[in-house]
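Content type mmCIF, C-alpha atoms, from the file target-v3.cif:
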data_protein
#
loop_
_atom_site.group_PDB
_atom_site.id
_atom_site.type_symbol
_atom_site.label_atom_id
_atom_site.label_comp_id
_atom_site.auth_asym_id
_atom_site.auth_seq_id
_atom_site.Cartn_x
_atom_site.Cartn_y
_atom_site.Cartn_z
ATOM 1 C CA MET A 1488 -68.008 -38.048 -6.069
ATOM 2 C CA ILE A 1489 -67.918 -34.513 -7.541
ATOM 3 C CA ARG A 1490 -64.821 -33.673 -5.504
ATOM 4 C CA ARG A 1491 -63.048 -36.761 -6.826
ATOM 5 C CA MET A 1492 -63.928 -35.836 -10.412
ATOM 6 C CA LEU A 1493 -62.638 -32.289 -9.931
ATOM 7 C CA LYS A 1494 -59.347 -33.597 -8.538
ATOM 8 C CA GLN A 1495 -58.913 -35.708 -11.647
ATOM 9 C CA LEU A 1496 -60.053 -32.960 -14.007
ATOM 10 C CA PHE A 1497 -57.996 -29.992 -12.741
ATOM 11 C CA PRO A 1498 -54.533 -31.464 -13.461
ATOM 12 C CA PHE A 1499 -55.629 -32.252 -17.005
ATOM 13 C CA ILE A 1500 -56.969 -28.702 -17.567
ATOM 14 C CA LEU A 1501 -53.962 -26.973 -15.996
ATOM 15 C CA LYS A 1502 -51.313 -29.239 -17.523
ATOM 16 C CA PRO A 1503 -50.581 -26.946 -20.518
ATOM 17 C CA VAL A 1504 -49.940 -24.043 -18.116
ATOM 18 C CA TYR A 1505 -48.779 -25.611 -14.875
ATOM 19 C CA ASN A 1506 -45.529 -27.268 -15.912
ATOM 20 C CA ILE A 1507 -41.852 -26.745 -15.212
ATOM 21 C CA LYS A 1508 -41.040 -24.961 -18.470
ATOM 22 C CA CYS A 1509 -43.888 -22.524 -18.003
ATOM 23 C CA ILE A 1510 -42.939 -21.805 -14.389
ATOM 24 C CA LYS A 1511 -39.291 -21.212 -15.336
ATOM 25 C CA ARG A 1512 -40.309 -18.767 -18.054
ATOM 26 C CA PHE A 1513 -42.619 -16.926 -15.671
ATOM 27 C CA ARG A 1514 -39.870 -16.684 -13.056
ATOM 28 C CA ALA A 1515 -37.360 -15.463 -15.642
ATOM 29 C CA VAL A 1516 -39.708 -12.691 -16.793
ATOM 30 C CA HIS A 1517 -40.556 -11.756 -13.205
ATOM 31 C CA THR A 1518 -36.862 -11.621 -12.222
ATOM 32 C CA PHE A 1519 -35.996 -9.562 -15.315
ATOM 33 C CA LEU A 1520 -38.678 -6.993 -14.494
ATOM 34 C CA MET A 1521 -37.773 -6.876 -10.799
ATOM 35 C CA TRP A 1522 -34.042 -6.499 -11.514
ATOM 36 C CA ASN A 1523 -34.675 -3.646 -13.930
ATOM 37 C CA ALA A 1524 -36.852 -1.949 -11.329
ATOM 38 C CA TYR A 1525 -34.238 -2.334 -8.579
ATOM 39 C CA SER A 1526 -31.412 -1.326 -10.930
ATOM 40 C CA SER A 1527 -32.948 2.124 -11.201
ATOM 41 C CA THR A 1528 -32.454 2.559 -7.431
ATOM 42 C CA LEU A 1529 -28.717 1.792 -7.511
ATOM 43 C CA LYS A 1530 -26.090 4.513 -7.340
ATOM 44 C CA SER A 1531 -24.748 3.251 -10.667
ATOM 45 C CA ILE A 1532 -24.873 0.113 -12.799
ATOM 46 C CA GLY A 1533 -23.060 -0.758 -16.010
ATOM 47 C CA ALA A 1534 -24.315 -2.429 -19.148
ATOM 48 C CA ASN A 1535 -25.373 -6.039 -19.610
ATOM 49 C CA SER A 1536 -26.110 -7.162 -16.032
ATOM 50 C CA ARG A 1537 -28.121 -10.271 -15.162
ATOM 51 C CA VAL A 1538 -29.172 -11.965 -11.910
ATOM 52 C CA GLY A 1539 -31.085 -15.086 -10.852
ATOM 53 C CA ASN A 1540 -34.274 -15.487 -8.854
ATOM 54 C CA PHE A 1541 -34.970 -14.378 -5.289
ATOM 55 C CA PHE A 1542 -32.441 -11.544 -5.047
ATOM 56 C CA SER A 1543 -32.590 -8.890 -2.308
ATOM 57 C CA ILE A 1544 -31.241 -5.324 -2.405
ATOM 58 C CA HIS A 1545 -31.047 -2.933 0.582
ATOM 59 C CA GLY A 1546 -29.614 0.558 0.335
ATOM 60 C CA GLY A 1547 -29.334 0.641 -3.438
ATOM 61 C CA GLU A 1548 -28.284 4.298 -3.421
ATOM 62 C CA TYR A 1549 -24.942 3.181 -1.940
ATOM 63 C CA ILE A 1550 -24.272 0.353 -4.413
ATOM 64 C CA GLU A 1551 -22.189 0.604 -7.606
ATOM 65 C CA ILE A 1552 -22.024 -2.245 -10.129
ATOM 66 C CA GLY A 1553 -19.873 -2.344 -13.262
ATOM 67 C CA ASP A 1554 -20.415 -3.828 -16.725
ATOM 68 C CA ASN A 1555 -21.275 -7.483 -17.427
ATOM 69 C CA PHE A 1556 -22.279 -8.350 -13.858
ATOM 70 C CA ARG A 1557 -23.652 -11.880 -13.385
ATOM 71 C CA ALA A 1558 -25.266 -13.375 -10.284
ATOM 72 C CA GLY A 1559 -27.100 -16.627 -9.651
ATOM 73 C CA HIS A 1560 -30.070 -17.229 -7.379
ATOM 74 C CA GLY A 1561 -30.466 -15.697 -3.930
ATOM 75 C CA LEU A 1562 -28.144 -12.678 -4.287
ATOM 76 C CA ILE A 1563 -28.184 -10.368 -1.227
ATOM 77 C CA LEU A 1564 -26.596 -6.902 -1.302
ATOM 78 C CA GLU A 1565 -27.047 -4.827 1.862
ATOM 79 C CA ALA A 1566 -25.691 -1.312 2.467
ATOM 80 C CA TRP A 1567 -26.803 -0.077 5.895
ATOM 81 C CA ASP A 1568 -26.788 3.662 6.612
ATOM 82 C CA GLU A 1569 -28.651 3.264 9.911
ATOM 83 C CA TYR A 1570 -29.092 0.505 12.470
ATOM 84 C CA GLU A 1571 -30.046 0.666 16.168
ATOM 85 C CA SER A 1572 -29.394 4.434 16.444
ATOM 86 C CA GLY A 1573 -26.061 4.058 14.608
ATOM 87 C CA HIS A 1574 -25.490 6.069 11.415
ATOM 88 C CA PHE A 1575 -23.087 4.984 8.659
ATOM 89 C CA ASN A 1576 -21.808 5.999 5.233
ATOM 90 C CA PRO A 1577 -21.648 2.689 3.308
ATOM 91 C CA ASN A 1578 -20.427 1.979 -0.188
ATOM 92 C CA ILE A 1579 -20.442 -1.296 -2.129
ATOM 93 C CA HIS A 1580 -18.399 -1.169 -5.329
ATOM 94 C CA ILE A 1581 -18.465 -4.155 -7.699
ATOM 95 C CA GLY A 1582 -16.189 -3.929 -10.735
ATOM 96 C CA ASP A 1583 -16.565 -5.067 -14.334
ATOM 97 C CA ASN A 1584 -17.008 -8.703 -15.427
ATOM 98 C CA VAL A 1585 -17.699 -9.923 -11.897
ATOM 99 C CA VAL A 1586 -19.544 -13.235 -11.425
ATOM 100 C CA PHE A 1587 -21.422 -14.278 -8.288
ATOM 101 C CA THR A 1588 -22.873 -17.778 -8.216
ATOM 102 C CA ASP A 1589 -25.818 -18.733 -5.966
ATOM 103 C CA TYR A 1590 -26.704 -17.332 -2.529
ATOM 104 C CA ASP A 1591 -23.839 -14.872 -2.171
ATOM 105 C CA HIS A 1592 -24.262 -12.138 0.434
ATOM 106 C CA ILE A 1593 -22.543 -8.776 0.992
ATOM 107 C CA SER A 1594 -23.248 -6.668 4.085
ATOM 108 C CA CYS A 1595 -21.733 -3.183 4.341
ATOM 109 C CA ILE A 1596 -21.657 -0.188 6.710
ATOM 110 C CA ASP A 1597 -18.241 1.135 5.628
ATOM 111 C CA HIS A 1598 -16.784 0.052 2.279
ATOM 112 C CA VAL A 1599 -16.693 -3.206 0.331
ATOM 113 C CA THR A 1600 -14.889 -3.367 -3.017
ATOM 114 C CA ILE A 1601 -14.954 -6.346 -5.404
ATOM 115 C CA GLY A 1602 -12.367 -5.994 -8.183
ATOM 116 C CA ASP A 1603 -12.757 -6.621 -11.904
ATOM 117 C CA GLY A 1604 -13.035 -10.201 -13.115
ATOM 118 C CA THR A 1605 -13.589 -11.697 -9.658
ATOM 119 C CA LEU A 1606 -15.561 -14.928 -9.178
ATOM 120 C CA LEU A 1607 -17.496 -15.893 -6.039
ATOM 121 C CA GLY A 1608 -18.532 -19.498 -5.444
ATOM 122 C CA ARG A 1609 -21.793 -20.459 -3.754
ATOM 123 C CA ASN A 1610 -22.747 -19.199 -0.286
ATOM 124 C CA VAL A 1611 -19.921 -16.676 0.021
ATOM 125 C CA TYR A 1612 -20.462 -14.091 2.782
ATOM 126 C CA ILE A 1613 -18.551 -10.803 2.793
ATOM 127 C CA SER A 1614 -19.108 -8.332 5.621
ATOM 128 C CA ASP A 1615 -17.293 -5.247 6.883
ATOM 129 C CA ASN A 1616 -19.297 -5.268 10.120
ATOM 130 C CA SER A 1617 -20.469 -7.328 13.072
ATOM 131 C CA HIS A 1618 -23.139 -7.064 15.757
ATOM 132 C CA GLY A 1619 -21.115 -5.359 18.483
ATOM 133 C CA ARG A 1620 -17.502 -5.707 19.566
ATOM 134 C CA THR A 1621 -15.986 -8.871 20.954
ATOM 135 C CA ASP A 1622 -15.483 -7.446 24.451
ATOM 136 C CA MET A 1623 -17.527 -6.656 27.566
ATOM 137 C CA SER A 1624 -19.079 -3.497 26.095
ATOM 138 C CA ALA A 1625 -22.182 -5.323 24.828
ATOM 139 C CA ILE A 1626 -22.591 -8.013 27.466
ATOM 140 C CA GLY A 1627 -26.240 -8.333 28.421
ATOM 141 C CA VAL A 1628 -27.494 -6.789 25.156
ATOM 142 C CA PRO A 1629 -29.192 -9.199 22.731
ATOM 143 C CA PRO A 1630 -26.915 -9.577 19.661
ATOM 144 C CA ALA A 1631 -29.576 -8.311 17.258
ATOM 145 C CA ARG A 1632 -29.867 -5.081 19.296
ATOM 146 C CA ARG A 1633 -26.147 -4.336 19.483
ATOM 147 C CA LYS A 1634 -24.746 -1.457 17.430
ATOM 148 C CA LEU A 1635 -22.949 -2.508 14.275
ATOM 149 C CA ASP A 1636 -19.176 -2.267 14.455
ATOM 150 C CA SER A 1637 -16.563 -2.296 11.671
ATOM 151 C CA LYS A 1638 -12.819 -2.938 11.849
ATOM 152 C CA GLY A 1639 -12.382 -1.368 8.410
ATOM 153 C CA PRO A 1640 -13.254 -1.848 4.748
ATOM 154 C CA VAL A 1641 -13.052 -5.094 2.780
ATOM 155 C CA MET A 1642 -10.997 -4.852 -0.399
ATOM 156 C CA VAL A 1643 -11.004 -7.769 -2.864
ATOM 157 C CA GLY A 1644 -8.652 -7.304 -5.814
ATOM 158 C CA ASP A 1645 -8.977 -8.107 -9.512
ATOM 159 C CA ASN A 1646 -9.302 -11.663 -10.867
ATOM 160 C CA VAL A 1647 -9.785 -13.213 -7.434
ATOM 161 C CA TRP A 1648 -11.467 -16.625 -7.113
ATOM 162 C CA ILE A 1649 -13.305 -17.116 -3.812
ATOM 163 C CA GLY A 1650 -14.340 -20.707 -3.099
ATOM 164 C CA ARG A 1651 -17.804 -21.708 -1.936
ATOM 165 C CA CYS A 1652 -18.970 -21.195 1.662
ATOM 166 C CA THR A 1653 -16.141 -18.735 2.368
ATOM 167 C CA THR A 1654 -16.576 -15.894 4.883
ATOM 168 C CA ILE A 1655 -14.575 -12.665 4.564
ATOM 169 C CA LEU A 1656 -14.632 -10.373 7.604
ATOM 170 C CA SER A 1657 -14.012 -6.668 8.102
ATOM 171 C CA GLY A 1658 -10.626 -5.035 7.700
ATOM 172 C CA VAL A 1659 -9.419 -7.550 5.106
ATOM 173 C CA ASP A 1660 -7.456 -6.770 1.927
ATOM 174 C CA ILE A 1661 -7.169 -9.612 -0.622
ATOM 175 C CA GLY A 1662 -4.673 -8.929 -3.406
ATOM 176 C CA ASP A 1663 -5.086 -9.450 -7.142
ATOM 177 C CA ASN A 1664 -5.183 -12.962 -8.638
ATOM 178 C CA CYS A 1665 -5.681 -14.744 -5.305
ATOM 179 C CA ILE A 1666 -7.512 -18.038 -4.824
ATOM 180 C CA ILE A 1667 -9.364 -18.527 -1.527
ATOM 181 C CA GLY A 1668 -10.140 -22.169 -0.753
ATOM 182 C CA ALA A 1669 -13.669 -23.367 -0.026
ATOM 183 C CA ASN A 1670 -15.000 -23.042 3.554
ATOM 184 C CA SER A 1671 -12.298 -20.543 4.504
ATOM 185 C CA VAL A 1672 -12.729 -17.743 7.044
ATOM 186 C CA VAL A 1673 -10.592 -14.774 6.021
ATOM 187 C CA THR A 1674 -9.734 -12.550 8.985
ATOM 188 C CA GLY A 1675 -6.460 -10.974 7.784
ATOM 189 C CA ASP A 1676 -4.828 -9.627 4.633
ATOM 190 C CA ILE A 1677 -3.855 -12.006 1.809
ATOM 191 C CA PRO A 1678 -1.040 -10.790 -0.514
ATOM 192 C CA ALA A 1679 -1.502 -10.782 -4.286
ATOM 193 C CA ASN A 1680 -0.876 -13.950 -6.321
ATOM 194 C CA CYS A 1681 -1.492 -16.384 -3.454
ATOM 195 C CA VAL A 1682 -3.597 -19.405 -2.615
ATOM 196 C CA ALA A 1683 -5.049 -19.201 0.913
ATOM 197 C CA ALA A 1684 -7.306 -21.545 2.854
ATOM 198 C CA GLY A 1685 -8.374 -22.497 6.343
ATOM 199 C CA CYS A 1686 -9.984 -21.018 9.443
ATOM 200 C CA PRO A 1687 -8.481 -18.519 9.788
ATOM 201 C CA ALA A 1688 -7.233 -18.483 6.195
ATOM 202 C CA LYS A 1689 -3.461 -18.721 5.720
ATOM 203 C CA VAL A 1690 -1.301 -18.556 2.597
ATOM 204 C CA ILE A 1691 -0.520 -22.103 1.458
ATOM 205 C CA LYS A 1692 1.028 -21.377 -1.942
ATOM 206 C CA ARG A 1693 2.450 -18.521 -3.978
ATOM 207 C CA LEU A 1694 1.357 -18.327 -7.612
ATOM 208 C CA ASP A 1695 4.308 -16.211 -8.646
ATOM 209 C CA ALA A 1696 6.441 -18.340 -11.030
ATOM 210 C CA LYS A 1697 9.768 -17.088 -9.638
ATOM 211 C CA LEU A 1698 8.814 -17.798 -6.049
ATOM 212 C CA ASP A 1699 7.510 -21.272 -6.943
ATOM 213 C CA LYS A 1700 10.819 -22.054 -8.718
ATOM 214 C CA GLU A 1701 12.845 -20.976 -5.671
ATOM 215 C CA PHE A 1702 10.605 -23.104 -3.442
ATOM 216 C CA ILE A 1703 11.163 -26.176 -5.629
ATOM 217 C CA ILE A 1704 14.969 -25.659 -5.627
ATOM 218 C CA ARG A 1705 14.998 -25.528 -1.836
#
Encoding of this model in structure tokens:
Amino acid sequence: MIRRMLKQLFPFILKPVYNIKCIKRFRAVHTFLMWNAYSSTLKSIGANSRVGNFFSIHGGEYIEIGDNFRAGHGLILEAWDEYESGHFNPNIHIGDNVVFTDYDHISCIDHVTIGDGTLLGRNVYISDNSHGRTDMSAIGVPPARRKLDSKGPVMVGDNVWIGRCTTILSGVDIGDNCIIGANSVVTGDIPANCVAAGCPAKVIKRLDAKLDKEFIIR
């Protein structure tokens, strides 16, 4: 009887506090405080940055972020200087006015650059490394125990739009003003002013007005 009364009473007592608006405000304050604390560990960060809930930062001393950075929920930035006896010199550089949406992830052991004005859709993964090489050198070793390997830095130019659920792998250079279609896997360079999509991603359109005009004439 008493237990039943308490079950009915507690929701009524906690209702002014335990509601969606209150929880959202608490999360916003918590995220603001956590982001400011983590920002102090970064190599550099510009003015007016803001991120969503549940972000994760590893190796902040190797991460540079420009002005007006925006990120949604679940941001992950990882710069690894050591893994399984391997030692690295990573650098993540994010330019000015860059926007990440939700659950975007960057992993770096070499160099990852995101140019000014670039937009990442949801669930974008950018990595300049992998767990071991794709040959016989690591056969028999559990993937999580293999030494990290990089084919080179990832360079994303200015004003690039990367569609949701896209993966960009090591050794890739994406030129300025490109659009990468959703669900693409980018394994090779994409020239500036292009639309690319697919697995692996291929150029499907040139945004240059002159080239488009020549294509139409043909």
Next on the checklist: Here's a test: counting all atoms listed in the file, identify every protein, DNA and RNA residue with an atom at most 8 Å from (-21.3, -16.7, -1.1) in the file's coordinate frame, and state them as an MDAnalysis selection string.
Outcome noted: chainID A and resid 1587:1592 1607:1613 1651:1654
Checklist entry - On this structure, which residues satisfy the PyMOL selection byres ((chain A and resi 1555) around 12), written as a list of chain:residue names? => result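 Selected by the PyMOL selection byres ((chain A and resi 1555) around 12) in this file: A:Ile1532, A:Gly1533, A:Ala1534, A:Asn1535, A:Ser1536, A:Arg1537, A:Val1538, A:Ile1552, A:Gly1553, A:Asp1554, A:Phe1556, A:Arg1557, A:Ala1558, A:Ile1581, A:Gly1582, A:Asp1583, A:Asn1584, A:Val1585, A:Val1586, A:Phe1587, A:Asp1603, A:Gly1604, A:Thr1605.
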Checklist entry - range 1660-1672 of chain A: which residues within 9 Å, counting only C-alpha atoms, same-chain residues fewer than 5 positions away excluded, as number ranges by chain? => result A: 1602, 1605, 1608, 1611, 1640-1655, 1677-1688, 1694
Checklist entry - Do you know which residues the PyMOL selection byres ((chain A and resi 1632) around 12) returns on this file, as a PyMOL selection string? => result chain A and resi 1570-1573+1617-1619+1625-1631+1633-1635
Next on the checklist: Using only C-alpha atoms, can you tell me which of A:Ile1691, A:Lys1638, A:Gly1539, A:Arg1512 comes closest to Arg1620 in chain A?
Outcome noted: A:Lys1638
Checklist entry - When distances are computed from all atoms listed in the file, which of A:Asp1676, A:Leu1606, A:Leu1520, A:His1580 shows the smallest separation from Gly1547 in chain A? => result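 Smallest distance to Gly1547 in chain A is found for A:His1580.
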Next on the checklist: Using all atoms listed in the file for the distances, tell me which of A:Phe1541, A:Ile1550, A:Ile1510, A:Val1599 is nearest to Ser1526 in chain A.
Outcome noted: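 Of A:Phe1541, A:Ile1550, A:Ile1510, A:Val1599, the one nearest Ser1526 in chain A is A:Ile1550, counting all atoms listed in the file.
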Next on the checklist: Here is a test: counting only C-alpha atoms, which residue of A:Gly1658, A:Asn1616, A:Gly1675, A:Asn1540 is nearest to His1517 in chain A?
Outcome noted: A:Asn1540
Checklist outcome for this item: Correct to one decimal, the distance CA of Arg1693 in chain A-CA of Val1673 in chain A is 16.9 Å
Checklist entry - So how far away is CA of Thr1600 in chain A from CA of Ser1637 in chain A, in Å? => result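 Going from CA of Ser1637 in chain A over to CA of Thr1600 in chain A covers 14.8 Å.
With CA of Glu1565 in chain A on one side and CA of Ile1593 in chain A on the other, the separation reads 6.1 Å.
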